[in-house]
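Below is one structure, written out as structure tokens; the observations come after it.
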Amino acid sequence: MNEFSHFDESGRPRMVDVGEKPVTLRRAVAECVLALPDKIYEALLSGGVSKGDPFKTAELGGIMAAKKTPDLIPLCHNIRLGGISVRCGLSEEERAVRIECEATANDVTGVEMEALVGATMAALVFYDMCKALDKGMIIKEARLIEKSGGRSGHWINS
């Protein structure tokens, strides 16, 4: 028996057949942290960057990316998303931007990848908005925080 569901018995990639799975409410929350050099952190505290508002731009970019997840991740199913929200906030103690993406859908497969793609792409958009000031930002700690729905039920990253 093959333990990797995205490969058949001969090791060839395949999209998992989810046609018989029941529709349930699916929810996933992911986060990503973008560590900021002093120059960018100070610029954000004093009014922003010349390209515009990196917080709102990153949030929009994360939403747009989450909607394109099946185009970016091989073997990821197209699902009808119910909602995507991305929130970017400045963390003073970490001198970083904390990004959280929540994805929901009533579907037969989960939304973990959509949440992860949304959070990670928001970090990349934020980087793009601020790179003229300093390219030393570090994208780190992209992870799933929580998911619910489906056969595996509710899961929280501890």
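Scheme for the structure tokens: letters A, B, ... for chains in order shown; per-chain residue numbers from 1; ligand numbers from 1 in order shown.
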Identify, on the basis of only C-alpha atoms, every residue whose closest approach to region 112-124 of chain A does not exceed 9 Å; exclude the query and any residue fewer than 5 positions from it along the same chain; express the result as an NGL selection string. :A and (26-34 or 55 or 57-70 or 72-73 or 76 or 84-88 or 97-104 or 129 or 139 or 142-144 or 146-147)
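When the distance limit is 10 Å and only C-alpha atoms are what count, the residues near His6 (chain A), minus those fewer than 4 positions from it on the same chain, are Asn2, Gly11, Arg12, Pro13, Arg14, Met15, Val16, Asp17, Pro74, Leu75 and Cys76 of chain A.
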Could you write out the selected residues, including N, CA and C atoms, as an mmCIF file, in the first residue's frame?
```cif
data_model
loop_
_atom_site.group_PDB
_atom_site.id
_atom_site.type_symbol
_atom_site.label_atom_id
_atom_site.label_comp_id
_atom_site.auth_asym_id
_atom_site.auth_seq_id
_atom_site.Cartn_x
_atom_site.Cartn_y
_atom_site.Cartn_z
ATOM 1 N N ASN A 2 0.578 2.163 -0.878
ATOM 2 C CA ASN A 2 1.341 3.399 -0.993
ATOM 3 C C ASN A 2 0.900 4.371 0.095
ATOM 4 N N GLY A 11 4.407 4.864 -8.502
ATOM 5 C CA GLY A 11 5.176 6.063 -8.179
ATOM 6 C C GLY A 11 4.902 7.265 -9.049
ATOM 7 N N ARG A 12 3.881 7.198 -9.887
ATOM 8 C CA ARG A 12 3.537 8.341 -10.752
ATOM 9 C C ARG A 12 2.622 9.311 -10.001
ATOM 10 N N PRO A 13 2.810 10.612 -10.241
ATOM 11 C CA PRO A 13 1.942 11.585 -9.557
ATOM 12 C C PRO A 13 0.502 11.470 -10.046
ATOM 13 N N ARG A 14 -0.418 11.763 -9.130
ATOM 14 C CA ARG A 14 -1.840 11.753 -9.461
ATOM 15 C C ARG A 14 -2.557 12.739 -8.542
ATOM 16 N N MET A 15 -3.660 13.254 -9.036
ATOM 17 C CA MET A 15 -4.518 14.060 -8.195
ATOM 18 C C MET A 15 -5.440 13.112 -7.447
ATOM 19 N N VAL A 16 -5.516 13.236 -6.142
ATOM 20 C CA VAL A 16 -6.335 12.360 -5.317
ATOM 21 C C VAL A 16 -7.804 12.519 -5.701
ATOM 22 N N ASP A 17 -8.510 11.418 -5.812
ATOM 23 C CA ASP A 17 -9.935 11.442 -6.132
ATOM 24 C C ASP A 17 -10.718 11.768 -4.862
ATOM 25 N N PRO A 74 1.166 22.008 -7.584
ATOM 26 C CA PRO A 74 0.770 20.842 -8.381
ATOM 27 C C PRO A 74 -0.132 19.907 -7.559
ATOM 28 N N LEU A 75 -1.146 19.370 -8.201
ATOM 29 C CA LEU A 75 -2.067 18.383 -7.638
ATOM 30 C C LEU A 75 -3.026 18.948 -6.597
ATOM 31 N N CYS A 76 -3.056 20.267 -6.440
ATOM 32 C CA CYS A 76 -3.992 20.904 -5.518
ATOM 33 C C CYS A 76 -5.340 21.071 -6.233
#
```
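Residues within 12 Å of Ala43 (chain A), counting only C-alpha atoms and excluding same-chain residues fewer than 4 positions away, are Leu36, Pro37, Asp38, Lys39, Gly47, Gly48, Val49, Ser50, Gly52, Asp53, Pro54, Leu90, Arg95, Cys130, Ala132, Leu133 and Asp134 of chain A.
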From a DSSP pass on the backbone, collect the residues of region 75-152 of chain A flagged as strand (DSSP E or B) and hand them back as a VMD selection string. chain A and resid 81 to 91 96 to 107 138 to 148
Those same residues, written as a PDB file, in the first residue's frame with C-alpha atoms?
```pdb
ATOM      1  CA  LEU A  81     -13.620  29.377  -1.619  1.00  0.00           C
ATOM      2  CA  GLY A  82     -16.115  30.896   0.776  1.00  0.00           C
ATOM      3  CA  GLY A  83     -13.733  33.560   2.023  1.00  0.00           C
ATOM      4  CA  ILE A  84     -10.132  34.660   2.367  1.00  0.00           C
ATOM      5  CA  SER A  85      -8.870  37.265   4.784  1.00  0.00           C
ATOM      6  CA  VAL A  86      -5.302  38.449   5.261  1.00  0.00           C
ATOM      7  CA  ARG A  87      -4.171  40.636   8.126  1.00  0.00           C
ATOM      8  CA  CYS A  88      -0.724  42.203   8.420  1.00  0.00           C
ATOM      9  CA  GLY A  89       0.409  43.770  11.664  1.00  0.00           C
ATOM     10  CA  LEU A  90       3.604  45.282  12.966  1.00  0.00           C
ATOM     11  CA  SER A  91       5.053  43.437  15.960  1.00  0.00           C
ATOM     12  CA  ALA A  96       8.634  42.146  12.285  1.00  0.00           C
ATOM     13  CA  VAL A  97       5.430  41.999  10.325  1.00  0.00           C
ATOM     14  CA  ARG A  98       3.135  39.161  11.387  1.00  0.00           C
ATOM     15  CA  ILE A  99       0.834  38.028   8.618  1.00  0.00           C
ATOM     16  CA  GLU A 100      -2.210  35.827   9.146  1.00  0.00           C
ATOM     17  CA  CYS A 101      -4.371  34.343   6.413  1.00  0.00           C
ATOM     18  CA  GLU A 102      -7.696  32.631   7.035  1.00  0.00           C
ATOM     19  CA  ALA A 103      -9.396  30.583   4.306  1.00  0.00           C
ATOM     20  CA  THR A 104     -12.861  29.025   4.394  1.00  0.00           C
ATOM     21  CA  ALA A 105     -14.868  26.834   2.041  1.00  0.00           C
ATOM     22  CA  ASN A 106     -17.795  24.417   2.012  1.00  0.00           C
ATOM     23  CA  ASP A 107     -16.145  21.697  -0.016  1.00  0.00           C
ATOM     24  CA  ILE A 138      13.816  37.717   6.196  1.00  0.00           C
ATOM     25  CA  ILE A 139      10.684  35.712   5.429  1.00  0.00           C
ATOM     26  CA  LYS A 140      10.373  33.057   8.114  1.00  0.00           C
ATOM     27  CA  GLU A 141       8.006  30.928  10.140  1.00  0.00           C
ATOM     28  CA  ALA A 142       5.438  30.172   7.465  1.00  0.00           C
ATOM     29  CA  ARG A 143       3.187  27.614   9.149  1.00  0.00           C
ATOM     30  CA  LEU A 144      -0.312  26.308   9.520  1.00  0.00           C
ATOM     31  CA  ILE A 145      -1.825  27.488  12.819  1.00  0.00           C
ATOM     32  CA  GLU A 146      -5.188  25.744  12.775  1.00  0.00           C
ATOM     33  CA  LYS A 147      -7.520  23.787  10.527  1.00  0.00           C
ATOM     34  CA  SER A 148     -11.003  22.386  10.920  1.00  0.00           C
TER      35      SER A 148
END
```
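The shortest atom-to-atom distance to Pro22 (chain A), with only C-alpha atoms taken into account, belongs to A:Gly110 out of A:Gly110, A:His77, A:Gly136, A:Trp155.
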Please indicate the distance in Å from CA of Thr109 (chain A) to CA of Asn157 (chain A), rounded to one decimal place. 19.2 Å
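Interatomic distance, CA of Glu93 (chain A) to CA of Ile156 (chain A): 24.1 Å.
In terms of minimum interatomic distance to Glu92 (chain A), A:Ala35 ranks closest within A:Ala35, A:Val108, A:Leu25, A:Val18, counting only C-alpha atoms.
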Enumerate the residues of chain A with a DSSP assignment of alpha helix (DSSP H), computed from the backbone, and present them as a ChimeraX atom specification. /A:38-45,54-67,69-72,112-130
Just the selected residues (N, CA and C atoms), exported as a compact mmCIF listing (two decimals), in the first residue's frame, please.
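This went into again_33.txt:
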```
# COMPACT_ATOMS: atom_id res chain seq x y z
N ASP A 38 16.28 47.47 10.72
CA ASP A 38 15.95 48.71 11.43
C ASP A 38 15.43 49.81 10.52
N LYS A 39 16.05 49.97 9.36
CA LYS A 39 15.67 51.06 8.45
C LYS A 39 14.19 50.94 8.03
N ILE A 40 13.75 49.74 7.72
CA ILE A 40 12.35 49.55 7.30
C ILE A 40 11.42 49.68 8.50
N TYR A 41 11.80 49.09 9.61
CA TYR A 41 10.97 49.17 10.81
C TYR A 41 10.73 50.64 11.19
N GLU A 42 11.78 51.45 11.20
CA GLU A 42 11.66 52.88 11.54
C GLU A 42 10.83 53.62 10.50
N ALA A 43 10.99 53.29 9.22
CA ALA A 43 10.20 53.94 8.18
C ALA A 43 8.71 53.64 8.36
N LEU A 44 8.39 52.43 8.72
CA LEU A 44 6.98 52.07 8.93
C LEU A 44 6.40 52.80 10.14
N LEU A 45 7.21 52.96 11.18
CA LEU A 45 6.74 53.69 12.36
C LEU A 45 6.53 55.17 12.08
N PRO A 54 2.39 49.32 2.40
CA PRO A 54 2.74 47.91 2.20
C PRO A 54 1.79 46.95 2.92
N PHE A 55 1.15 47.40 3.99
CA PHE A 55 0.22 46.54 4.72
C PHE A 55 -0.99 46.19 3.87
N LYS A 56 -1.66 47.20 3.34
CA LYS A 56 -2.87 46.97 2.52
C LYS A 56 -2.52 46.27 1.21
N THR A 57 -1.40 46.63 0.61
CA THR A 57 -0.99 46.00 -0.65
C THR A 57 -0.69 44.52 -0.44
N ALA A 58 0.00 44.20 0.66
CA ALA A 58 0.32 42.80 0.97
C ALA A 58 -0.96 42.01 1.27
N GLU A 59 -1.89 42.61 1.97
CA GLU A 59 -3.15 41.93 2.27
C GLU A 59 -3.90 41.59 0.98
N LEU A 60 -3.97 42.54 0.07
CA LEU A 60 -4.63 42.30 -1.22
C LEU A 60 -3.88 41.24 -2.02
N GLY A 61 -2.56 41.32 -2.06
CA GLY A 61 -1.75 40.32 -2.78
C GLY A 61 -1.94 38.92 -2.22
N GLY A 62 -2.04 38.81 -0.90
CA GLY A 62 -2.26 37.51 -0.28
C GLY A 62 -3.61 36.92 -0.66
N ILE A 63 -4.64 37.75 -0.68
CA ILE A 63 -5.97 37.29 -1.08
C ILE A 63 -5.95 36.81 -2.53
N MET A 64 -5.35 37.62 -3.39
CA MET A 64 -5.28 37.25 -4.81
C MET A 64 -4.53 35.94 -5.01
N ALA A 65 -3.42 35.76 -4.30
CA ALA A 65 -2.63 34.54 -4.43
C ALA A 65 -3.38 33.31 -3.93
N ALA A 66 -4.07 33.45 -2.79
CA ALA A 66 -4.82 32.31 -2.25
C ALA A 66 -5.84 31.80 -3.26
N LYS A 67 -6.44 32.71 -4.01
CA LYS A 67 -7.42 32.33 -5.02
C LYS A 67 -6.78 31.56 -6.17
N THR A 69 -4.22 29.33 -5.79
CA THR A 69 -3.45 28.21 -5.24
C THR A 69 -3.38 27.01 -6.18
N PRO A 70 -4.47 26.54 -6.79
CA PRO A 70 -4.36 25.37 -7.67
C PRO A 70 -3.46 25.61 -8.89
N ASP A 71 -3.26 26.87 -9.27
CA ASP A 71 -2.37 27.19 -10.38
C ASP A 71 -0.90 27.16 -9.95
N LEU A 72 -0.66 27.22 -8.64
CA LEU A 72 0.71 27.30 -8.12
C LEU A 72 1.21 25.99 -7.52
N GLU A 112 -6.02 24.32 3.64
CA GLU A 112 -4.72 24.60 4.26
C GLU A 112 -3.76 25.26 3.27
N MET A 113 -3.71 24.74 2.05
CA MET A 113 -2.77 25.29 1.08
C MET A 113 -3.13 26.72 0.70
N GLU A 114 -4.42 27.01 0.61
CA GLU A 114 -4.83 28.38 0.29
C GLU A 114 -4.39 29.34 1.38
N ALA A 115 -4.55 28.93 2.64
CA ALA A 115 -4.12 29.80 3.75
C ALA A 115 -2.61 29.99 3.75
N LEU A 116 -1.86 28.92 3.51
CA LEU A 116 -0.40 29.03 3.48
C LEU A 116 0.09 29.88 2.30
N VAL A 117 -0.51 29.69 1.15
CA VAL A 117 -0.13 30.50 -0.02
C VAL A 117 -0.46 31.97 0.23
N GLY A 118 -1.63 32.25 0.80
CA GLY A 118 -2.01 33.64 1.07
C GLY A 118 -1.05 34.33 2.03
N ALA A 119 -0.69 33.65 3.11
CA ALA A 119 0.22 34.26 4.09
C ALA A 119 1.61 34.46 3.50
N THR A 120 2.10 33.47 2.79
CA THR A 120 3.45 33.54 2.24
C THR A 120 3.54 34.60 1.14
N MET A 121 2.55 34.63 0.26
CA MET A 121 2.58 35.63 -0.81
C MET A 121 2.44 37.05 -0.25
N ALA A 122 1.66 37.22 0.80
CA ALA A 122 1.57 38.54 1.43
C ALA A 122 2.94 38.98 1.92
N ALA A 123 3.73 38.06 2.47
CA ALA A 123 5.08 38.39 2.90
C ALA A 123 5.95 38.81 1.71
N LEU A 124 5.81 38.11 0.60
CA LEU A 124 6.58 38.47 -0.60
C LEU A 124 6.17 39.85 -1.13
N VAL A 125 4.88 40.14 -1.11
CA VAL A 125 4.42 41.45 -1.56
C VAL A 125 4.95 42.54 -0.64
N PHE A 126 4.91 42.30 0.66
CA PHE A 126 5.44 43.28 1.61
C PHE A 126 6.92 43.51 1.33
N TYR A 127 7.67 42.43 1.09
CA TYR A 127 9.09 42.54 0.74
C TYR A 127 9.26 43.43 -0.48
N ASP A 128 8.47 43.18 -1.51
CA ASP A 128 8.58 43.96 -2.74
C ASP A 128 8.31 45.45 -2.49
N MET A 129 7.36 45.74 -1.62
CA MET A 129 7.03 47.13 -1.34
C MET A 129 8.14 47.87 -0.59
N CYS A 130 8.97 47.13 0.16
CA CYS A 130 9.96 47.77 1.02
C CYS A 130 11.41 47.54 0.60
```
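Interatomic distance, CA of Arg151 (chain A) to CA of Phe7 (chain A): 20.3 Å.
Among the candidate residues A:Val111, A:Met137, A:Asp8, A:Gly19, the one lying nearest to Gly149 (chain A) is A:Val111, with distances computed using only C-alpha atoms.
Nearest residue to Val23 (chain A) among A:Glu9, A:Gly150, A:Lys51, A:Arg80 is A:Gly150, counting only C-alpha atoms.
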